[in-house]
>>> print(open('model-v2.cif').read())   # mmCIF, C-alpha atoms
data_entry
#
loop_
_atom_site.group_PDB
_atom_site.id
_atom_site.type_symbol
_atom_site.label_atom_id
_atom_site.label_comp_id
_atom_site.auth_asym_id
_atom_site.auth_seq_id
_atom_site.Cartn_x
_atom_site.Cartn_y
_atom_site.Cartn_z
ATOM 1 C CA GLU A 233 95.196 80.147 53.995
ATOM 2 C CA ALA A 234 96.342 76.638 53.151
ATOM 3 C CA GLN A 235 94.615 74.229 55.464
ATOM 4 C CA VAL A 236 92.928 70.932 56.136
ATOM 5 C CA THR A 237 89.562 71.208 57.826
ATOM 6 C CA GLN A 238 87.616 68.536 59.647
ATOM 7 C CA ASN A 239 84.053 68.490 60.890
ATOM 8 C CA PRO A 240 82.806 67.977 63.453
ATOM 9 C CA ARG A 241 85.612 68.655 65.914
ATOM 10 C CA TYR A 242 83.834 66.840 68.711
ATOM 11 C CA LEU A 243 81.181 64.155 68.460
ATOM 12 C CA ILE A 244 79.460 61.943 71.002
ATOM 13 C CA THR A 245 77.285 59.220 69.534
ATOM 14 C CA VAL A 246 75.778 55.857 70.367
ATOM 15 C CA THR A 247 76.714 52.400 69.179
ATOM 16 C CA GLY A 248 75.398 51.573 65.733
ATOM 17 C CA LYS A 249 74.394 55.052 64.625
ATOM 18 C CA LYS A 250 76.057 55.785 61.286
ATOM 19 C CA LEU A 251 78.236 58.869 61.151
ATOM 20 C CA THR A 252 80.493 60.721 58.742
ATOM 21 C CA VAL A 253 83.486 62.865 59.561
ATOM 22 C CA THR A 254 84.285 65.247 56.755
ATOM 23 C CA CYS A 255 87.752 66.302 55.637
ATOM 24 C CA SER A 256 88.539 68.988 53.108
ATOM 25 C CA GLN A 257 91.790 70.532 51.857
ATOM 26 C CA ASN A 258 92.289 73.666 49.763
ATOM 27 C CA MET A 259 95.822 72.945 48.501
ATOM 28 C CA ASN A 260 94.973 70.786 45.467
ATOM 29 C CA HIS A 261 96.775 67.888 47.130
ATOM 30 C CA GLU A 262 96.627 64.483 45.487
ATOM 31 C CA TYR A 263 97.291 62.378 48.561
ATOM 32 C CA MET A 264 94.939 62.244 51.541
ATOM 33 C CA SER A 265 94.735 59.925 54.507
ATOM 34 C CA TRP A 266 93.014 59.275 57.821
ATOM 35 C CA TYR A 267 94.683 58.417 61.111
ATOM 36 C CA ARG A 268 93.427 57.575 64.538
ATOM 37 C CA GLN A 269 95.353 58.302 67.703
ATOM 38 C CA ASP A 270 94.928 56.343 70.913
ATOM 39 C CA PRO A 271 96.875 56.576 74.179
ATOM 40 C CA GLY A 272 99.841 54.221 74.160
ATOM 41 C CA LEU A 273 99.291 53.235 70.517
ATOM 42 C CA GLY A 274 100.295 56.412 68.765
ATOM 43 C CA LEU A 275 99.010 57.445 65.343
ATOM 44 C CA ARG A 276 97.795 54.645 63.092
ATOM 45 C CA GLN A 277 96.706 55.017 59.514
ATOM 46 C CA ILE A 278 93.156 53.941 58.663
ATOM 47 C CA TYR A 279 92.785 54.601 54.923
ATOM 48 C CA TYR A 280 94.563 56.622 52.297
ATOM 49 C CA SER A 281 93.862 57.920 48.818
ATOM 50 C CA MET A 282 96.408 58.543 46.088
ATOM 51 C CA ASN A 283 93.924 60.490 43.947
ATOM 52 C CA VAL A 284 90.254 60.782 43.010
ATOM 53 C CA GLU A 285 88.523 57.388 43.058
ATOM 54 C CA VAL A 286 91.724 55.699 44.285
ATOM 55 C CA THR A 287 91.635 54.544 47.897
ATOM 56 C CA ASP A 288 93.327 51.800 49.859
ATOM 57 C CA LYS A 289 93.506 50.346 53.341
ATOM 58 C CA GLY A 290 96.009 51.494 55.907
ATOM 59 C CA ASP A 291 96.980 49.630 59.044
ATOM 60 C CA VAL A 292 93.615 49.650 60.867
ATOM 61 C CA PRO A 293 90.773 49.837 58.288
ATOM 62 C CA GLU A 294 88.233 47.547 59.998
ATOM 63 C CA GLY A 295 84.947 49.309 60.728
ATOM 64 C CA TYR A 296 85.649 52.294 58.463
ATOM 65 C CA LYS A 297 84.834 53.332 54.916
ATOM 66 C CA VAL A 298 86.098 56.209 52.814
ATOM 67 C CA SER A 299 85.380 57.745 49.454
ATOM 68 C CA ARG A 300 87.228 60.205 47.207
ATOM 69 C CA LYS A 301 84.791 61.591 44.668
ATOM 70 C CA GLU A 302 86.438 64.999 44.563
ATOM 71 C CA LYS A 303 90.081 65.883 44.966
ATOM 72 C CA ARG A 304 89.526 68.196 47.917
ATOM 73 C CA ASN A 305 87.266 65.960 50.043
ATOM 74 C CA PHE A 306 87.950 62.671 51.798
ATOM 75 C CA PRO A 307 85.155 61.751 54.228
ATOM 76 C CA LEU A 308 85.523 59.014 56.830
ATOM 77 C CA ILE A 309 82.406 56.902 57.328
ATOM 78 C CA LEU A 310 81.592 54.740 60.326
ATOM 79 C CA GLU A 311 78.565 52.714 59.289
ATOM 80 C CA SER A 312 78.028 51.053 62.677
ATOM 81 C CA PRO A 313 80.249 52.705 65.273
ATOM 82 C CA SER A 314 81.353 50.741 68.304
ATOM 83 C CA PRO A 315 82.945 51.886 71.568
ATOM 84 C CA ASN A 316 86.393 50.683 70.428
ATOM 85 C CA GLN A 317 86.266 53.383 67.758
ATOM 86 C CA THR A 318 86.332 56.048 70.421
ATOM 87 C CA SER A 319 89.457 57.944 69.467
ATOM 88 C CA LEU A 320 91.034 61.146 68.171
ATOM 89 C CA TYR A 321 90.929 61.214 64.375
ATOM 90 C CA PHE A 322 93.165 63.194 62.047
ATOM 91 C CA CYS A 323 92.894 63.796 58.340
ATOM 92 C CA ALA A 324 96.053 64.658 56.408
ATOM 93 C CA SER A 325 97.000 65.619 52.876
ATOM 94 C CA SER A 326 100.133 66.082 50.803
ATOM 95 C CA LEU A 327 101.093 66.970 47.237
ATOM 96 C CA GLY A 328 102.344 63.468 46.617
ATOM 97 C CA THR A 329 104.432 60.751 48.172
ATOM 98 C CA SER A 330 107.988 61.638 47.128
ATOM 99 C CA GLY A 331 110.470 63.623 49.201
ATOM 100 C CA ARG A 332 109.187 67.106 50.095
ATOM 101 C CA ARG A 333 105.920 66.363 48.222
ATOM 102 C CA TYR A 334 105.196 63.977 51.096
ATOM 103 C CA GLU A 335 105.121 66.803 53.629
ATOM 104 C CA GLN A 336 101.777 66.025 55.205
ATOM 105 C CA TYR A 337 99.428 68.725 56.430
ATOM 106 C CA PHE A 338 97.193 67.559 59.248
ATOM 107 C CA GLY A 339 93.755 68.752 60.197
ATOM 108 C CA PRO A 340 92.872 69.885 63.728
ATOM 109 C CA GLY A 341 91.429 66.531 64.743
ATOM 110 C CA THR A 342 87.997 65.115 65.558
ATOM 111 C CA ARG A 343 87.437 63.696 68.998
ATOM 112 C CA LEU A 344 84.865 60.914 68.726
ATOM 113 C CA THR A 345 83.203 59.183 71.650
ATOM 114 C CA VAL A 346 80.985 56.156 71.039
ATOM 115 C CA THR A 347 78.862 55.053 73.997
ATOM 116 C CA ASP B 129 110.184 50.845 56.676
ATOM 117 C CA ALA B 130 113.032 50.864 59.225
ATOM 118 C CA LYS B 131 112.119 51.198 62.882
ATOM 119 C CA THR B 132 113.318 54.099 64.964
ATOM 120 C CA THR B 133 114.297 54.491 68.609
ATOM 121 C CA GLN B 134 113.909 57.764 70.477
ATOM 122 C CA PRO B 135 114.231 58.689 74.149
ATOM 123 C CA PRO B 136 110.772 59.004 75.729
ATOM 124 C CA SER B 137 111.403 62.461 77.136
ATOM 125 C CA MET B 138 113.895 65.329 77.216
ATOM 126 C CA ASP B 139 114.133 68.694 78.916
ATOM 127 C CA CYS B 140 115.528 71.919 77.555
ATOM 128 C CA ALA B 141 115.891 75.429 78.912
ATOM 129 C CA GLU B 142 114.252 78.196 76.930
ATOM 130 C CA GLY B 143 116.703 79.858 74.567
ATOM 131 C CA ARG B 144 119.072 76.903 74.504
ATOM 132 C CA ALA B 145 119.489 74.431 71.661
ATOM 133 C CA ALA B 146 117.408 71.289 71.848
ATOM 134 C CA ASN B 147 119.106 68.219 70.366
ATOM 135 C CA LEU B 148 116.754 65.310 69.826
ATOM 136 C CA PRO B 149 118.402 61.998 68.889
ATOM 137 C CA CYS B 150 116.983 59.173 66.827
ATOM 138 C CA ASN B 151 118.433 55.756 66.106
ATOM 139 C CA HIS B 152 117.517 53.992 62.870
ATOM 140 C CA SER B 153 120.204 51.333 62.568
ATOM 141 C CA THR B 154 118.279 49.239 60.001
ATOM 142 C CA ILE B 155 117.662 52.082 57.569
ATOM 143 C CA SER B 156 117.910 51.194 53.890
ATOM 144 C CA GLY B 157 119.640 53.188 51.209
ATOM 145 C CA ASN B 158 116.411 54.521 49.710
ATOM 146 C CA GLU B 159 114.793 55.519 53.004
ATOM 147 C CA TYR B 160 114.471 59.100 54.159
ATOM 148 C CA VAL B 161 114.369 60.411 57.718
ATOM 149 C CA TYR B 162 111.330 62.613 58.463
ATOM 150 C CA TRP B 163 110.651 64.605 61.598
ATOM 151 C CA TYR B 164 107.222 65.716 62.750
ATOM 152 C CA ARG B 165 106.026 67.185 65.991
ATOM 153 C CA GLN B 166 102.682 67.228 67.748
ATOM 154 C CA ILE B 167 101.694 69.889 70.216
ATOM 155 C CA HIS B 168 99.203 68.505 72.698
ATOM 156 C CA SER B 169 96.259 66.902 70.812
ATOM 157 C CA GLN B 170 96.801 69.089 67.735
ATOM 158 C CA GLY B 171 97.503 67.630 64.320
ATOM 159 C CA PRO B 172 101.146 66.672 63.741
ATOM 160 C CA GLN B 173 103.292 69.254 61.979
ATOM 161 C CA TYR B 174 106.029 68.509 59.455
ATOM 162 C CA ILE B 175 109.456 69.834 60.481
ATOM 163 C CA ILE B 176 112.136 68.570 58.126
ATOM 164 C CA HIS B 177 113.368 65.541 56.231
ATOM 165 C CA GLY B 178 116.631 64.293 54.717
ATOM 166 C CA LEU B 179 118.338 61.384 53.006
ATOM 167 C CA LYS B 180 122.037 61.595 53.871
ATOM 168 C CA ASN B 181 123.113 65.220 53.791
ATOM 169 C CA ASN B 182 122.501 67.582 56.660
ATOM 170 C CA GLU B 183 119.457 69.770 56.140
ATOM 171 C CA THR B 184 118.359 73.109 57.545
ATOM 172 C CA ASN B 185 115.163 75.080 57.240
ATOM 173 C CA GLU B 186 113.459 77.868 59.120
ATOM 174 C CA MET B 187 112.378 75.542 61.896
ATOM 175 C CA ALA B 188 115.281 73.212 62.550
ATOM 176 C CA SER B 189 118.418 71.436 61.398
ATOM 177 C CA LEU B 190 118.768 67.742 60.728
ATOM 178 C CA ILE B 191 122.118 66.069 61.191
ATOM 179 C CA ILE B 192 122.441 62.534 59.781
ATOM 180 C CA THR B 193 125.499 60.459 60.619
ATOM 181 C CA GLU B 194 127.690 59.264 57.792
ATOM 182 C CA ASP B 195 126.553 55.650 58.209
ATOM 183 C CA ARG B 196 122.935 56.936 58.363
ATOM 184 C CA LYS B 197 122.201 54.802 61.403
ATOM 185 C CA SER B 198 121.245 57.770 63.541
ATOM 186 C CA SER B 199 120.223 61.391 63.261
ATOM 187 C CA THR B 200 119.712 64.446 65.441
ATOM 188 C CA LEU B 201 117.078 67.125 65.141
ATOM 189 C CA ILE B 202 118.312 70.477 66.384
ATOM 190 C CA LEU B 203 116.057 73.323 67.439
ATOM 191 C CA PRO B 204 118.655 76.101 67.735
ATOM 192 C CA HIS B 205 116.850 78.369 70.198
ATOM 193 C CA ALA B 206 114.043 76.482 71.872
ATOM 194 C CA THR B 207 110.987 78.415 73.032
ATOM 195 C CA LEU B 208 108.113 77.396 75.283
ATOM 196 C CA ARG B 209 106.014 76.865 72.144
ATOM 197 C CA ASP B 210 108.396 74.111 71.074
ATOM 198 C CA THR B 211 107.115 71.901 73.905
ATOM 199 C CA ALA B 212 105.682 68.946 71.989
ATOM 200 C CA VAL B 213 106.127 65.286 71.102
ATOM 201 C CA TYR B 214 108.714 64.901 68.343
ATOM 202 C CA TYR B 215 108.509 61.947 65.993
ATOM 203 C CA CYS B 216 111.377 60.557 63.952
ATOM 204 C CA ILE B 217 110.071 58.504 61.015
ATOM 205 C CA VAL B 218 111.911 56.543 58.364
ATOM 206 C CA ARG B 219 110.242 55.737 55.066
ATOM 207 C CA VAL B 220 111.070 55.163 51.424
ATOM 208 C CA GLY B 221 111.447 58.338 49.427
ATOM 209 C CA SER B 222 108.893 57.629 46.726
ATOM 210 C CA GLY B 223 105.822 55.616 46.044
ATOM 211 C CA TYR B 224 103.439 54.687 48.738
ATOM 212 C CA SER B 225 104.299 53.533 52.240
ATOM 213 C CA THR B 226 102.684 54.257 55.545
ATOM 214 C CA LEU B 227 104.002 57.130 57.620
ATOM 215 C CA THR B 228 104.450 55.149 60.827
ATOM 216 C CA PHE B 229 104.479 57.244 63.970
ATOM 217 C CA GLY B 230 106.160 55.659 66.979
ATOM 218 C CA LYS B 231 105.974 56.967 70.532
ATOM 219 C CA GLY B 232 108.306 59.908 69.884
ATOM 220 C CA THR B 233 110.163 62.112 72.353
ATOM 221 C CA MET B 234 108.275 64.444 74.657
ATOM 222 C CA LEU B 235 110.332 67.654 74.726
ATOM 223 C CA LEU B 236 109.599 69.952 77.625
ATOM 224 C CA VAL B 237 111.002 73.476 77.280
ATOM 225 C CA SER B 238 111.155 75.311 80.580
ATOM 226 C CA PRO B 239 111.645 79.004 81.362
#
>>> encode(input="model-v2.cif", output="structure tokens")
Amino acid sequence: EAQVTQNPRYLITVTGKKLTVTCSQNMNHEYMSWYRQDPGLGLRQIYYSMNVEVTDKGDVPEGYKVSRKEKRNFPLILESPSPNQTSLYFCASSLGTSGRRYEQYFGPGTRLTVT
Amino acid sequence: DAKTTQPPSMDCAEGRAANLPCNHSTISGNEYVYWYRQIHSQGPQYIIHGLKNNETNEMASLIITEDRKSSTLILPHATLRDTAVYYCIVRVGSGYSTLTFGKGTMLLVSP
């Protein structure tokens, strides 16, 4: 089954404790991205990757890191989480960025709480 | 990318057609209209996209006005499972640009 998986689905952590949210897709997609969703602010893009070893900042990259060492994986790293990073996070992937190739498949979401 | 305007909420009776409008009066010639939906706290789901011609797939139809300043997403026979937030997004058709989700329209399908 074609899918994007994220782990963990739920995470409660404390300020400053480094964490990684994993994202993996099994569709051989080139393009992957991370979003966060907050009440009243909608979905905002954090980082994206056009291909292996190619990443760039989205609209709200501060406090996050990413890496793309393999095509299928795109982990999101919070080196020193803070309470304002409490949010619902989604990973997404697509074949490319043109027309129907930009049909993005989203993961199930990771609900992160930083206390 | 052009901004979009959608009504915050709409109601629809189960089995009837749901027509969701979107205004994008500043759309450029190379920008496509995409529709996604998000069922409560799940990941958004792609529905359909188009440039200027009307489009139809297994989920919905997309009607774009001739001047391309507005569009309508049509769910022909809405079911309870279609209750979701629907996002209309305008972006260039190639290369990179952010998929910017606005507030969308909350569609409530009732029995």
>>> interface_residues(input="model-v2.cif", of="chain A", to="chain B", cutoff="12 Å", atoms="only C-alpha atoms", output="number ranges by chain")
A: 235-238, 241, 263-282, 287-292, 319-326, 328-343
>>> residues_around(input="model-v2.cif", residues="Thr193 in chain B", least_positions_apart="3", cutoff="9 Å", atoms="only C-alpha atoms", output="list in words")
Lys180, Asn181, Asn182, Arg196, Lys197, Ser198, Ser199 and Thr200 of chain B
>>> closest_residue(input="model-v2.cif", among="B:Thr233, B:Tyr214, B:Asn185, B:Pro204", to="Ala141 in chain B", atoms="all atoms listed in the file")
B:Pro204
>>> resolve_selection(input="model-v2.cif", expression="the PyMOL selection byres ((chain A and resi 312-314) around 8)", output="mmCIF file with C-alpha atoms, in the frame of the given file")
data_model
loop_
_atom_site.group_PDB
_atom_site.id
_atom_site.type_symbol
_atom_site.label_atom_id
_atom_site.label_comp_id
_atom_site.auth_asym_id
_atom_site.auth_seq_id
_atom_site.Cartn_x
_atom_site.Cartn_y
_atom_site.Cartn_z
ATOM 1 C CA VAL A 246 75.778 55.857 70.367
ATOM 2 C CA THR A 247 76.714 52.400 69.179
ATOM 3 C CA GLY A 248 75.398 51.573 65.733
ATOM 4 C CA LYS A 249 74.394 55.052 64.625
ATOM 5 C CA LYS A 250 76.057 55.785 61.286
ATOM 6 C CA LEU A 251 78.236 58.869 61.151
ATOM 7 C CA GLY A 295 84.947 49.309 60.728
ATOM 8 C CA LEU A 310 81.592 54.740 60.326
ATOM 9 C CA GLU A 311 78.565 52.714 59.289
ATOM 10 C CA PRO A 315 82.945 51.886 71.568
ATOM 11 C CA ASN A 316 86.393 50.683 70.428
ATOM 12 C CA GLN A 317 86.266 53.383 67.758
ATOM 13 C CA THR A 318 86.332 56.048 70.421
ATOM 14 C CA VAL A 346 80.985 56.156 71.039
ATOM 15 C CA THR A 347 78.862 55.053 73.997
#
>>> atom_distance(input="model-v2.cif", atom1="CA of Met138 in chain B", atom2="CA of Leu235 in chain B")
4.9 Å
>>> resolve_selection(input="model-v2.cif", expression="the PyMOL selection byres ((chain B and resi 147) around 8)", output="PDB file with C-alpha atoms, in the coordinates of the input")
ATOM      1  CA  ALA B 145     119.489  74.431  71.661  1.00  0.00           C
ATOM      2  CA  ALA B 146     117.408  71.289  71.848  1.00  0.00           C
ATOM      3  CA  LEU B 148     116.754  65.310  69.826  1.00  0.00           C
ATOM      4  CA  PRO B 149     118.402  61.998  68.889  1.00  0.00           C
ATOM      5  CA  THR B 200     119.712  64.446  65.441  1.00  0.00           C
ATOM      6  CA  LEU B 201     117.078  67.125  65.141  1.00  0.00           C
ATOM      7  CA  ILE B 202     118.312  70.477  66.384  1.00  0.00           C
ATOM      8  CA  LEU B 203     116.057  73.323  67.439  1.00  0.00           C
TER       9      LEU B 203
END
>>> atom_distance(input="model-v2.cif", atom1="CA of Thr254 in chain A", atom2="CA of Gln166 in chain B")
21.5 Å
>>> resolve_selection(input="model-v2.cif", expression="the PyMOL selection byres ((chain B and resi 212) around 7)", output="count of residues only")
11
>>> atom_distance(input="model-v2.cif", atom1="CA of Ile191 in chain B", atom2="CA of Cys150 in chain B")
10.3 Å
>>> build_atoms(input="model-v2.cif", residues="range 140-161 of chain B", atoms="N, CA, C and O atoms", output="PDB file, in the frame of the given file")
ATOM      1  N   CYS B 140     114.675  70.898  78.131  1.00  0.00           N
ATOM      2  CA  CYS B 140     115.528  71.919  77.555  1.00  0.00           C
ATOM      3  C   CYS B 140     115.156  73.259  78.155  1.00  0.00           C
ATOM      4  O   CYS B 140     113.960  73.550  78.353  1.00  0.00           O
ATOM      5  N   ALA B 141     116.164  74.080  78.414  1.00  0.00           N
ATOM      6  CA  ALA B 141     115.891  75.429  78.912  1.00  0.00           C
ATOM      7  C   ALA B 141     115.575  76.350  77.741  1.00  0.00           C
ATOM      8  O   ALA B 141     116.169  76.246  76.657  1.00  0.00           O
ATOM      9  N   GLU B 142     114.641  77.236  77.965  1.00  0.00           N
ATOM     10  CA  GLU B 142     114.252  78.196  76.930  1.00  0.00           C
ATOM     11  C   GLU B 142     115.473  78.989  76.458  1.00  0.00           C
ATOM     12  O   GLU B 142     116.292  79.439  77.252  1.00  0.00           O
ATOM     13  N   GLY B 143     115.589  79.124  75.143  1.00  0.00           N
ATOM     14  CA  GLY B 143     116.703  79.858  74.567  1.00  0.00           C
ATOM     15  C   GLY B 143     117.914  79.002  74.233  1.00  0.00           C
ATOM     16  O   GLY B 143     118.784  79.429  73.471  1.00  0.00           O
ATOM     17  N   ARG B 144     117.963  77.813  74.798  1.00  0.00           N
ATOM     18  CA  ARG B 144     119.072  76.903  74.504  1.00  0.00           C
ATOM     19  C   ARG B 144     118.712  76.027  73.313  1.00  0.00           C
ATOM     20  O   ARG B 144     117.557  75.922  72.908  1.00  0.00           O
ATOM     21  N   ALA B 145     119.725  75.369  72.764  1.00  0.00           N
ATOM     22  CA  ALA B 145     119.489  74.431  71.661  1.00  0.00           C
ATOM     23  C   ALA B 145     118.939  73.118  72.210  1.00  0.00           C
ATOM     24  O   ALA B 145     119.412  72.615  73.229  1.00  0.00           O
ATOM     25  N   ALA B 146     117.956  72.609  71.511  1.00  0.00           N
ATOM     26  CA  ALA B 146     117.408  71.289  71.848  1.00  0.00           C
ATOM     27  C   ALA B 146     117.907  70.301  70.801  1.00  0.00           C
ATOM     28  O   ALA B 146     117.737  70.535  69.598  1.00  0.00           O
ATOM     29  N   ASN B 147     118.561  69.239  71.271  1.00  0.00           N
ATOM     30  CA  ASN B 147     119.106  68.219  70.366  1.00  0.00           C
ATOM     31  C   ASN B 147     118.372  66.908  70.613  1.00  0.00           C
ATOM     32  O   ASN B 147     118.552  66.276  71.640  1.00  0.00           O
ATOM     33  N   LEU B 148     117.567  66.513  69.657  1.00  0.00           N
ATOM     34  CA  LEU B 148     116.754  65.310  69.826  1.00  0.00           C
ATOM     35  C   LEU B 148     117.341  64.188  68.979  1.00  0.00           C
ATOM     36  O   LEU B 148     117.374  64.277  67.752  1.00  0.00           O
ATOM     37  N   PRO B 149     117.770  63.094  69.632  1.00  0.00           N
ATOM     38  CA  PRO B 149     118.402  61.998  68.889  1.00  0.00           C
ATOM     39  C   PRO B 149     117.389  60.964  68.398  1.00  0.00           C
ATOM     40  O   PRO B 149     116.289  60.821  68.957  1.00  0.00           O
ATOM     41  N   CYS B 150     117.806  60.255  67.371  1.00  0.00           N
ATOM     42  CA  CYS B 150     116.983  59.173  66.827  1.00  0.00           C
ATOM     43  C   CYS B 150     117.918  58.103  66.263  1.00  0.00           C
ATOM     44  O   CYS B 150     118.814  58.407  65.483  1.00  0.00           O
ATOM     45  N   ASN B 151     117.679  56.863  66.674  1.00  0.00           N
ATOM     46  CA  ASN B 151     118.433  55.756  66.106  1.00  0.00           C
ATOM     47  C   ASN B 151     117.597  55.021  65.078  1.00  0.00           C
ATOM     48  O   ASN B 151     116.424  54.721  65.326  1.00  0.00           O
ATOM     49  N   HIS B 152     118.190  54.754  63.944  1.00  0.00           N
ATOM     50  CA  HIS B 152     117.517  53.992  62.870  1.00  0.00           C
ATOM     51  C   HIS B 152     118.553  53.104  62.219  1.00  0.00           C
ATOM     52  O   HIS B 152     118.886  53.263  61.045  1.00  0.00           O
ATOM     53  N   SER B 153     119.055  52.134  62.986  1.00  0.00           N
ATOM     54  CA  SER B 153     120.204  51.333  62.568  1.00  0.00           C
ATOM     55  C   SER B 153     119.900  50.416  61.392  1.00  0.00           C
ATOM     56  O   SER B 153     120.827  49.939  60.729  1.00  0.00           O
ATOM     57  N   THR B 154     118.616  50.136  61.114  1.00  0.00           N
ATOM     58  CA  THR B 154     118.279  49.239  60.001  1.00  0.00           C
ATOM     59  C   THR B 154     117.814  49.998  58.761  1.00  0.00           C
ATOM     60  O   THR B 154     117.218  49.413  57.857  1.00  0.00           O
ATOM     61  N   ILE B 155     118.107  51.259  58.696  1.00  0.00           N
ATOM     62  CA  ILE B 155     117.662  52.082  57.569  1.00  0.00           C
ATOM     63  C   ILE B 155     118.252  51.577  56.259  1.00  0.00           C
ATOM     64  O   ILE B 155     119.421  51.145  56.205  1.00  0.00           O
ATOM     65  N   SER B 156     117.453  51.613  55.211  1.00  0.00           N
ATOM     66  CA  SER B 156     117.910  51.194  53.890  1.00  0.00           C
ATOM     67  C   SER B 156     118.367  52.402  53.087  1.00  0.00           C
ATOM     68  O   SER B 156     118.054  53.539  53.423  1.00  0.00           O
ATOM     69  N   GLY B 157     119.058  52.114  51.998  1.00  0.00           N
ATOM     70  CA  GLY B 157     119.640  53.188  51.209  1.00  0.00           C
ATOM     71  C   GLY B 157     118.634  54.142  50.603  1.00  0.00           C
ATOM     72  O   GLY B 157     118.956  55.305  50.339  1.00  0.00           O
ATOM     73  N   ASN B 158     117.415  53.674  50.356  1.00  0.00           N
ATOM     74  CA  ASN B 158     116.411  54.521  49.710  1.00  0.00           C
ATOM     75  C   ASN B 158     115.417  55.112  50.712  1.00  0.00           C
ATOM     76  O   ASN B 158     114.380  55.641  50.311  1.00  0.00           O
ATOM     77  N   GLU B 159     115.713  55.012  51.987  1.00  0.00           N
ATOM     78  CA  GLU B 159     114.793  55.519  53.004  1.00  0.00           C
ATOM     79  C   GLU B 159     115.233  56.887  53.526  1.00  0.00           C
ATOM     80  O   GLU B 159     116.405  57.110  53.804  1.00  0.00           O
ATOM     81  N   TYR B 160     114.248  57.764  53.650  1.00  0.00           N
ATOM     82  CA  TYR B 160     114.471  59.100  54.159  1.00  0.00           C
ATOM     83  C   TYR B 160     114.149  59.135  55.650  1.00  0.00           C
ATOM     84  O   TYR B 160     113.368  58.346  56.166  1.00  0.00           O
ATOM     85  N   VAL B 161     114.701  60.129  56.320  1.00  0.00           N
ATOM     86  CA  VAL B 161     114.369  60.411  57.718  1.00  0.00           C
ATOM     87  C   VAL B 161     113.468  61.647  57.744  1.00  0.00           C
ATOM     88  O   VAL B 161     113.844  62.701  57.225  1.00  0.00           O
TER      89      VAL B 161
END
